[in-house]
>>> print(open('final-v4.pdb').read())   # PDB, N, CA and C atoms
ATOM      1  N   MET A  17      16.202  20.893   7.440
ATOM      2  CA  MET A  17      16.003  19.567   6.907
ATOM      3  C   MET A  17      14.529  19.196   7.022
ATOM      4  N   HIS A  18      14.005  18.619   5.993
ATOM      5  CA  HIS A  18      12.590  18.256   5.939
ATOM      6  C   HIS A  18      12.411  16.786   6.291
ATOM      7  N   ASP A  19      11.539  16.512   7.255
ATOM      8  CA  ASP A  19      11.251  15.123   7.641
ATOM      9  C   ASP A  19      10.237  14.548   6.664
ATOM     10  N   ARG A  20      10.590  13.409   6.092
ATOM     11  CA  ARG A  20       9.666  12.709   5.204
ATOM     12  C   ARG A  20       9.000  11.579   5.961
ATOM     13  N   VAL A  21       7.713  11.495   5.831
ATOM     14  CA  VAL A  21       6.976  10.405   6.449
ATOM     15  C   VAL A  21       6.835   9.299   5.408
ATOM     16  N   SER A  22       7.354   8.158   5.747
ATOM     17  CA  SER A  22       7.263   7.021   4.847
ATOM     18  C   SER A  22       5.904   6.356   5.025
ATOM     19  N   ARG A  23       5.239   6.113   3.928
ATOM     20  CA  ARG A  23       3.935   5.452   3.983
ATOM     21  C   ARG A  23       4.072   4.031   3.434
ATOM     22  N   PRO A  24       3.353   3.098   4.023
ATOM     23  CA  PRO A  24       3.435   1.714   3.512
ATOM     24  C   PRO A  24       2.846   1.628   2.111
ATOM     25  N   ARG A  25       3.358   0.702   1.342
ATOM     26  CA  ARG A  25       2.811   0.467   0.013
ATOM     27  C   ARG A  25       1.421  -0.135   0.149
ATOM     28  N   PRO A  26       0.534   0.210  -0.760
ATOM     29  CA  PRO A  26      -0.795  -0.408  -0.701
ATOM     30  C   PRO A  26      -0.702  -1.905  -0.987
ATOM     31  N   LEU A  27      -1.557  -2.650  -0.338
ATOM     32  CA  LEU A  27      -1.602  -4.095  -0.567
ATOM     33  C   LEU A  27      -2.274  -4.398  -1.903
ATOM     34  N   PRO A  28      -1.849  -5.467  -2.582
ATOM     35  CA  PRO A  28      -2.469  -5.814  -3.873
ATOM     36  C   PRO A  28      -3.967  -6.100  -3.749
ATOM     37  N   GLU A  29      -4.365  -6.754  -2.671
ATOM     38  CA  GLU A  29      -5.772  -7.075  -2.449
ATOM     39  C   GLU A  29      -6.117  -6.786  -0.991
ATOM     40  N   PRO A  30      -6.351  -5.530  -0.645
ATOM     41  CA  PRO A  30      -6.641  -5.185   0.755
ATOM     42  C   PRO A  30      -7.816  -5.982   1.314
ATOM     43  N   GLY A  31      -7.711  -6.330   2.587
ATOM     44  CA  GLY A  31      -8.773  -7.055   3.261
ATOM     45  C   GLY A  31      -8.621  -8.568   3.256
ATOM     46  N   ARG A  32      -7.663  -9.078   2.519
ATOM     47  CA  ARG A  32      -7.460 -10.534   2.465
ATOM     48  C   ARG A  32      -6.473 -11.018   3.518
ATOM     49  N   GLY A  33      -5.796 -10.107   4.175
ATOM     50  CA  GLY A  33      -4.864 -10.492   5.227
ATOM     51  C   GLY A  33      -3.460 -10.743   4.710
ATOM     52  N   ILE A  34      -2.574 -11.001   5.652
ATOM     53  CA  ILE A  34      -1.160 -11.219   5.373
ATOM     54  C   ILE A  34      -0.769 -12.568   5.963
ATOM     55  N   ALA A  35      -0.085 -13.381   5.173
ATOM     56  CA  ALA A  35       0.393 -14.683   5.647
ATOM     57  C   ALA A  35       1.913 -14.671   5.709
ATOM     58  N   ILE A  36       2.444 -15.198   6.794
ATOM     59  CA  ILE A  36       3.883 -15.357   6.943
ATOM     60  C   ILE A  36       4.138 -16.840   7.141
ATOM     61  N   LEU A  37       4.921 -17.401   6.243
ATOM     62  CA  LEU A  37       5.191 -18.835   6.245
ATOM     63  C   LEU A  37       6.612 -19.090   6.717
ATOM     64  N   ASN A  38       6.753 -19.940   7.720
ATOM     65  CA  ASN A  38       8.047 -20.302   8.289
ATOM     66  C   ASN A  38       8.246 -21.799   8.173
ATOM     67  N   GLU A  39       9.490 -22.202   7.968
ATOM     68  CA  GLU A  39       9.777 -23.636   7.900
ATOM     69  C   GLU A  39       9.662 -24.259   9.286
ATOM     70  N   ARG A  40      10.400 -23.729  10.231
ATOM     71  CA  ARG A  40      10.338 -24.143  11.646
ATOM     72  C   ARG A  40      10.943 -23.020  12.454
ATOM     73  N   GLU A  41      10.667 -23.005  13.761
ATOM     74  CA  GLU A  41      11.216 -21.920  14.572
ATOM     75  C   GLU A  41      11.293 -22.305  16.033
ATOM     76  N   GLY A  42      12.228 -21.660  16.696
ATOM     77  CA  GLY A  42      12.416 -21.839  18.125
ATOM     78  C   GLY A  42      12.215 -20.514  18.832
ATOM     79  N   LEU A  43      12.500 -20.498  20.109
ATOM     80  CA  LEU A  43      12.284 -19.310  20.921
ATOM     81  C   LEU A  43      13.091 -18.114  20.407
ATOM     82  N   GLY A  44      14.364 -18.338  20.060
ATOM     83  CA  GLY A  44      15.189 -17.246  19.530
ATOM     84  C   GLY A  44      14.614 -16.670  18.249
ATOM     85  N   ASP A  45      14.093 -17.538  17.374
ATOM     86  CA  ASP A  45      13.455 -17.075  16.146
ATOM     87  C   ASP A  45      12.249 -16.191  16.460
ATOM     88  N   GLY A  46      11.500 -16.590  17.485
ATOM     89  CA  GLY A  46      10.329 -15.807  17.866
ATOM     90  C   GLY A  46      10.695 -14.388  18.264
ATOM     91  N   PHE A  47      11.735 -14.236  19.075
ATOM     92  CA  PHE A  47      12.168 -12.887  19.469
ATOM     93  C   PHE A  47      12.740 -12.131  18.278
ATOM     94  N   PHE A  48      13.490 -12.817  17.430
ATOM     95  CA  PHE A  48      14.116 -12.194  16.272
ATOM     96  C   PHE A  48      13.081 -11.643  15.291
ATOM     97  N   LYS A  49      11.929 -12.308  15.171
ATOM     98  CA  LYS A  49      10.918 -11.927  14.184
ATOM     99  C   LYS A  49       9.861 -10.958  14.718
ATOM    100  N   LEU A  50       9.917 -10.632  15.988
ATOM    101  CA  LEU A  50       8.941  -9.685  16.544
ATOM    102  C   LEU A  50       8.942  -8.330  15.847
ATOM    103  N   PRO A  51      10.101  -7.747  15.503
ATOM    104  CA  PRO A  51      10.056  -6.454  14.792
ATOM    105  C   PRO A  51       9.299  -6.526  13.464
ATOM    106  N   LEU A  52       9.384  -7.659  12.770
ATOM    107  CA  LEU A  52       8.617  -7.836  11.539
ATOM    108  C   LEU A  52       7.123  -7.750  11.831
ATOM    109  N   LEU A  53       6.686  -8.456  12.864
ATOM    110  CA  LEU A  53       5.265  -8.434  13.217
ATOM    111  C   LEU A  53       4.804  -7.045  13.634
ATOM    112  N   ARG A  54       5.608  -6.370  14.426
ATOM    113  CA  ARG A  54       5.257  -5.002  14.853
ATOM    114  C   ARG A  54       5.128  -4.070  13.648
ATOM    115  N   ALA A  55       6.076  -4.177  12.714
ATOM    116  CA  ALA A  55       6.046  -3.315  11.526
ATOM    117  C   ALA A  55       4.819  -3.601  10.671
ATOM    118  N   LEU A  56       4.498  -4.879  10.471
ATOM    119  CA  LEU A  56       3.315  -5.222   9.687
ATOM    120  C   LEU A  56       2.044  -4.687  10.338
ATOM    121  N   ARG A  57       1.926  -4.844  11.635
ATOM    122  CA  ARG A  57       0.728  -4.367  12.333
ATOM    123  C   ARG A  57       0.634  -2.838  12.261
ATOM    124  N   ARG A  58       1.765  -2.154  12.387
ATOM    125  CA  ARG A  58       1.770  -0.691  12.329
ATOM    126  C   ARG A  58       1.405  -0.209  10.913
ATOM    127  N   CYS A  59       1.935  -0.860   9.892
ATOM    128  CA  CYS A  59       1.677  -0.438   8.512
ATOM    129  C   CYS A  59       0.295  -0.824   8.006
ATOM    130  N   TYR A  60      -0.191  -1.974   8.455
ATOM    131  CA  TYR A  60      -1.471  -2.497   7.966
ATOM    132  C   TYR A  60      -2.361  -2.895   9.146
ATOM    133  N   PRO A  61      -2.812  -1.918   9.922
ATOM    134  CA  PRO A  61      -3.549  -2.245  11.159
ATOM    135  C   PRO A  61      -4.862  -2.987  10.938
ATOM    136  N   GLY A  62      -5.466  -2.845   9.781
ATOM    137  CA  GLY A  62      -6.747  -3.510   9.531
ATOM    138  C   GLY A  62      -6.632  -4.900   8.937
ATOM    139  N   GLU A  63      -5.417  -5.340   8.649
ATOM    140  CA  GLU A  63      -5.228  -6.647   8.020
ATOM    141  C   GLU A  63      -4.987  -7.735   9.064
ATOM    142  N   ALA A  64      -5.623  -8.872   8.881
ATOM    143  CA  ALA A  64      -5.375 -10.027   9.748
ATOM    144  C   ALA A  64      -4.033 -10.641   9.357
ATOM    145  N   ILE A  65      -3.232 -10.985  10.355
ATOM    146  CA  ILE A  65      -1.929 -11.605  10.118
ATOM    147  C   ILE A  65      -2.004 -13.066  10.547
ATOM    148  N   THR A  66      -1.682 -13.958   9.609
ATOM    149  CA  THR A  66      -1.669 -15.394   9.882
ATOM    150  C   THR A  66      -0.230 -15.877   9.886
ATOM    151  N   TRP A  67       0.173 -16.511  10.965
ATOM    152  CA  TRP A  67       1.524 -17.047  11.140
ATOM    153  C   TRP A  67       1.453 -18.539  10.889
ATOM    154  N   ILE A  68       2.161 -19.027   9.852
ATOM    155  CA  ILE A  68       2.092 -20.430   9.456
ATOM    156  C   ILE A  68       3.463 -21.065   9.624
ATOM    157  N   VAL A  69       3.510 -22.204  10.335
ATOM    158  CA  VAL A  69       4.762 -22.937  10.525
ATOM    159  C   VAL A  69       4.625 -24.291   9.836
ATOM    160  N   SER A  70       5.562 -24.579   8.942
ATOM    161  CA  SER A  70       5.509 -25.819   8.183
ATOM    162  C   SER A  70       5.787 -27.038   9.048
ATOM    163  N   GLU A  71       6.885 -27.001   9.785
ATOM    164  CA  GLU A  71       7.298 -28.163  10.571
ATOM    165  C   GLU A  71       7.358 -27.798  12.054
ATOM    166  N   GLY A  72       6.518 -28.381  12.852
ATOM    167  CA  GLY A  72       6.559 -28.156  14.294
ATOM    168  C   GLY A  72       5.654 -27.030  14.753
ATOM    169  N   ASP A  73       6.000 -26.491  15.896
ATOM    170  CA  ASP A  73       5.197 -25.480  16.578
ATOM    171  C   ASP A  73       5.895 -24.132  16.519
ATOM    172  N   THR A  74       5.314 -23.138  17.154
ATOM    173  CA  THR A  74       5.891 -21.802  17.242
ATOM    174  C   THR A  74       5.811 -21.321  18.677
ATOM    175  N   PRO A  75       6.808 -20.576  19.137
ATOM    176  CA  PRO A  75       6.718 -20.019  20.485
ATOM    177  C   PRO A  75       5.579 -18.999  20.604
ATOM    178  N   TYR A  76       5.094 -18.480  19.484
ATOM    179  CA  TYR A  76       3.993 -17.505  19.534
ATOM    180  C   TYR A  76       2.685 -18.136  20.005
ATOM    181  N   ARG A  77       2.594 -19.442  19.952
ATOM    182  CA  ARG A  77       1.355 -20.115  20.361
ATOM    183  C   ARG A  77       1.297 -20.364  21.860
ATOM    184  N   VAL A  78       2.451 -20.570  22.510
ATOM    185  CA  VAL A  78       2.444 -20.930  23.926
ATOM    186  C   VAL A  78       3.327 -19.974  24.741
ATOM    187  N   VAL A  79       4.629 -20.156  24.660
ATOM    188  CA  VAL A  79       5.571 -19.416  25.511
ATOM    189  C   VAL A  79       5.491 -17.910  25.295
ATOM    190  N   MET A  80       5.351 -17.486  24.047
ATOM    191  CA  MET A  80       5.312 -16.058  23.726
ATOM    192  C   MET A  80       3.908 -15.586  23.340
ATOM    193  N   ALA A  81       2.896 -16.331  23.708
ATOM    194  CA  ALA A  81       1.527 -16.014  23.292
ATOM    195  C   ALA A  81       1.110 -14.606  23.704
ATOM    196  N   ASP A  82       1.405 -14.201  24.924
ATOM    197  CA  ASP A  82       1.013 -12.863  25.384
ATOM    198  C   ASP A  82       1.724 -11.761  24.609
ATOM    199  N   ILE A  83       2.967 -12.016  24.230
ATOM    200  CA  ILE A  83       3.739 -11.026  23.469
ATOM    201  C   ILE A  83       3.230 -10.945  22.034
ATOM    202  N   ALA A  84       2.907 -12.075  21.427
ATOM    203  CA  ALA A  84       2.507 -12.117  20.016
ATOM    204  C   ALA A  84       1.045 -11.740  19.791
ATOM    205  N   ARG A  85       0.219 -11.868  20.805
ATOM    206  CA  ARG A  85      -1.231 -11.674  20.647
ATOM    207  C   ARG A  85      -1.614 -10.363  19.958
ATOM    208  N   PRO A  86      -0.981  -9.218  20.255
ATOM    209  CA  PRO A  86      -1.383  -7.982  19.566
ATOM    210  C   PRO A  86      -1.040  -7.967  18.069
ATOM    211  N   TYR A  87      -0.178  -8.853  17.634
ATOM    212  CA  TYR A  87       0.320  -8.808  16.265
ATOM    213  C   TYR A  87      -0.171  -9.941  15.367
ATOM    214  N   VAL A  88      -0.481 -11.087  15.950
ATOM    215  CA  VAL A  88      -0.853 -12.264  15.154
ATOM    216  C   VAL A  88      -2.312 -12.612  15.432
ATOM    217  N   ASP A  89      -3.088 -12.717  14.357
ATOM    218  CA  ASP A  89      -4.506 -13.027  14.503
ATOM    219  C   ASP A  89      -4.797 -14.522  14.459
ATOM    220  N   ARG A  90      -3.969 -15.240  13.717
ATOM    221  CA  ARG A  90      -4.201 -16.687  13.562
ATOM    222  C   ARG A  90      -2.855 -17.387  13.449
ATOM    223  N   ILE A  91      -2.752 -18.545  14.091
ATOM    224  CA  ILE A  91      -1.518 -19.331  14.049
ATOM    225  C   ILE A  91      -1.854 -20.735  13.564
ATOM    226  N   LEU A  92      -1.117 -21.179  12.550
ATOM    227  CA  LEU A  92      -1.264 -22.543  12.036
ATOM    228  C   LEU A  92       0.090 -23.219  12.181
ATOM    229  N   VAL A  93       0.126 -24.356  12.868
ATOM    230  CA  VAL A  93       1.392 -25.057  13.087
ATOM    231  C   VAL A  93       1.374 -26.431  12.430
ATOM    232  N   ASP A  94       2.566 -26.965  12.241
ATOM    233  CA  ASP A  94       2.744 -28.311  11.710
ATOM    234  C   ASP A  94       1.946 -28.540  10.424
ATOM    235  N   GLN A  95       2.079 -27.612   9.490
ATOM    236  CA  GLN A  95       1.301 -27.661   8.249
ATOM    237  C   GLN A  95       1.936 -28.521   7.159
ATOM    238  N   HIS A  96       3.163 -28.955   7.350
ATOM    239  CA  HIS A  96       3.862 -29.838   6.396
ATOM    240  C   HIS A  96       3.832 -29.273   4.977
ATOM    241  N   LEU A  97       4.428 -28.101   4.821
ATOM    242  CA  LEU A  97       4.446 -27.420   3.527
ATOM    243  C   LEU A  97       5.844 -27.361   2.922
ATOM    244  N   ARG A  98       6.765 -28.113   3.474
ATOM    245  CA  ARG A  98       8.168 -28.001   3.093
ATOM    246  C   ARG A  98       8.479 -28.577   1.714
ATOM    247  N   LYS A  99       7.930 -29.717   1.399
ATOM    248  CA  LYS A  99       8.253 -30.396   0.138
ATOM    249  C   LYS A  99       7.109 -30.208  -0.863
ATOM    250  N   PRO A 100       7.443 -29.966  -2.135
ATOM    251  CA  PRO A 100       6.404 -29.736  -3.143
ATOM    252  C   PRO A 100       5.756 -31.046  -3.624
ATOM    253  N   THR A 101       4.936 -31.617  -2.779
ATOM    254  CA  THR A 101       4.221 -32.842  -3.137
ATOM    255  C   THR A 101       2.767 -32.490  -3.470
ATOM    256  N   PRO A 102       2.028 -33.406  -4.086
ATOM    257  CA  PRO A 102       0.611 -33.129  -4.330
ATOM    258  C   PRO A 102      -0.159 -32.811  -3.036
ATOM    259  N   ASP A 103       0.169 -33.491  -1.934
ATOM    260  CA  ASP A 103      -0.486 -33.191  -0.645
ATOM    261  C   ASP A 103      -0.174 -31.773  -0.186
ATOM    262  N   THR A 104       1.073 -31.348  -0.358
ATOM    263  CA  THR A 104       1.460 -29.994   0.027
ATOM    264  C   THR A 104       0.675 -28.968  -0.774
ATOM    265  N   ILE A 105       0.585 -29.176  -2.058
ATOM    266  CA  ILE A 105      -0.156 -28.248  -2.919
ATOM    267  C   ILE A 105      -1.625 -28.213  -2.522
ATOM    268  N   ARG A 106      -2.187 -29.368  -2.204
ATOM    269  CA  ARG A 106      -3.589 -29.418  -1.754
ATOM    270  C   ARG A 106      -3.774 -28.620  -0.467
ATOM    271  N   ARG A 107      -2.844 -28.770   0.489
ATOM    272  CA  ARG A 107      -2.944 -28.032   1.758
ATOM    273  C   ARG A 107      -2.797 -26.529   1.541
ATOM    274  N   LEU A 108      -1.895 -26.131   0.650
ATOM    275  CA  LEU A 108      -1.737 -24.702   0.345
ATOM    276  C   LEU A 108      -3.001 -24.130  -0.286
ATOM    277  N   ARG A 109      -3.589 -24.884  -1.193
ATOM    278  CA  ARG A 109      -4.823 -24.410  -1.843
ATOM    279  C   ARG A 109      -6.004 -24.354  -0.890
ATOM    280  N   ALA A 110      -5.947 -25.130   0.180
ATOM    281  CA  ALA A 110      -7.032 -25.116   1.167
ATOM    282  C   ALA A 110      -6.977 -23.870   2.052
ATOM    283  N   LEU A 111      -5.816 -23.225   2.096
ATOM    284  CA  LEU A 111      -5.700 -21.990   2.876
ATOM    285  C   LEU A 111      -6.457 -20.874   2.170
ATOM    286  N   PRO A 112      -6.930 -19.888   2.929
ATOM    287  CA  PRO A 112      -7.585 -18.753   2.257
ATOM    288  C   PRO A 112      -6.582 -17.974   1.416
ATOM    289  N   ARG A 113      -7.064 -17.227   0.456
ATOM    290  CA  ARG A 113      -6.180 -16.343  -0.318
ATOM    291  C   ARG A 113      -5.805 -15.165   0.558
ATOM    292  N   PHE A 114      -4.554 -14.781   0.482
ATOM    293  CA  PHE A 114      -4.059 -13.651   1.249
ATOM    294  C   PHE A 114      -3.643 -12.540   0.301
ATOM    295  N   SER A 115      -3.640 -11.312   0.804
ATOM    296  CA  SER A 115      -3.181 -10.187   0.000
ATOM    297  C   SER A 115      -1.672 -10.256  -0.197
ATOM    298  N   VAL A 116      -0.960 -10.645   0.863
ATOM    299  CA  VAL A 116       0.487 -10.746   0.807
ATOM    300  C   VAL A 116       0.894 -12.045   1.471
ATOM    301  N   ASN A 117       1.776 -12.786   0.811
ATOM    302  CA  ASN A 117       2.357 -13.996   1.380
ATOM    303  C   ASN A 117       3.844 -13.753   1.478
ATOM    304  N   SER A 118       4.424 -14.086   2.603
ATOM    305  CA  SER A 118       5.842 -13.869   2.807
ATOM    306  C   SER A 118       6.444 -15.072   3.514
ATOM    307  N   THR A 119       7.717 -15.275   3.309
ATOM    308  CA  THR A 119       8.437 -16.284   4.080
ATOM    309  C   THR A 119       9.441 -15.564   4.944
ATOM    310  N   SER A 120       9.664 -16.111   6.113
ATOM    311  CA  SER A 120      10.657 -15.475   6.978
ATOM    312  C   SER A 120      11.720 -16.467   7.358
TER     313      SER A 120
END
>>> encode(input="final-v4.pdb", output="structure tokens")
Amino acid sequence: MHDRVSRPRPLPEPGRGIAILNEREGLGDGFFKLPLLRALRRCYPGEAITWIVSEGDTPYRVVMADIARPYVDRILVDQHLRKPTPDTIRRLRALPRFSVNSTS
């Protein structure tokens, strides 16, 4: 049997980083999403990962900071991005462009 090595897909715009947008999260969510962060860091080691929370805070900023530090480069909390209002669109446009945007 031949072992195939899976390679990550190339990013559309390498070097712009990866953004993960969450509505809100608690401690359980933080542990549940760690494999996603590990996989992203392993596949794209040179890309900055920005963790964005729309409503509230994230355990990655305080309680799980030591665990998340190797995987998350920037954390933005309480960004109020949940409803499609003109203010929300303005805040989204103020963020840097990312190569990949994802919601979790």
>>> atom_distance(input="final-v4.pdb", atom1="atom N of Val116 of chain A", atom2="atom N of Ile36 of chain A")
8.2 Å
>>> atom_distance(input="final-v4.pdb", atom1="atom CA of Arg77 of chain A", atom2="atom C of Arg113 of chain A")
21.6 Å
>>> closest_atom_pairs(input="final-v4.pdb", of="segment 48-97 of chain A", to="segment 21-34 of chain A", cutoff="7 Å", atoms="all atoms listed in the file", output="Markdown table")
| residue | atom | partner | partner_atom | distance |
| --- | --- | --- | --- | --- |
| A:Cys59 | CA | A:Pro24 | CA | 5.7 |
| A:Gly62 | C | A:Gly31 | CA | 6.4 |
| A:Glu63 | C | A:Gly33 | CA | 4.7 |
| A:Ala64 | C | A:Ile34 | N | 4.0 |
| A:Ile65 | CA | A:Ile34 | C | 4.4 |
| A:Thr66 | N | A:Ile34 | C | 4.0 |
| A:Trp67 | N | A:Ile34 | C | 6.4 |
>>> resolve_selection(input="final-v4.pdb", expression="the PyMOL selection byres ((chain A and resi 39-53) around 8)", output="list in words")
Ile36, Leu37, Asn38, Arg54, Ala55, Leu56, Arg57, Arg58, Cys59, Ile68, Val69, Ser70, Glu71, Gly72, Asp73, Thr74, Pro75, Tyr76, Met80, Ala84, Pro86, Tyr87, Val88, Leu97, Arg98, Thr119 and Ser120 of chain A
>>> atom_distance(input="final-v4.pdb", atom1="atom C of Pro61 of chain A", atom2="atom C of Ile83 of chain A")
15.9 Å
>>> select_by_dssp(input="final-v4.pdb", residues="segment 68-98 of chain A", states="alpha helix (DSSP H)", output="compact mmCIF listing (two decimals) with N, CA and C atoms, in the coordinates of the input")
# COMPACT_ATOMS: atom_id res chain seq x y z
N ALA A 81 2.90 -16.33 23.71
CA ALA A 81 1.53 -16.01 23.29
C ALA A 81 1.11 -14.61 23.70
N ASP A 82 1.40 -14.20 24.92
CA ASP A 82 1.01 -12.86 25.38
C ASP A 82 1.72 -11.76 24.61
N ILE A 83 2.97 -12.02 24.23
CA ILE A 83 3.74 -11.03 23.47
C ILE A 83 3.23 -10.94 22.03
N ALA A 84 2.91 -12.08 21.43
CA ALA A 84 2.51 -12.12 20.02
C ALA A 84 1.04 -11.74 19.79
>>> select_by_dssp(input="final-v4.pdb", residues="chain A", states="strand (DSSP E or B)", output="ChimeraX atom specification")
/A:34-38,65-69,90-92,116-119
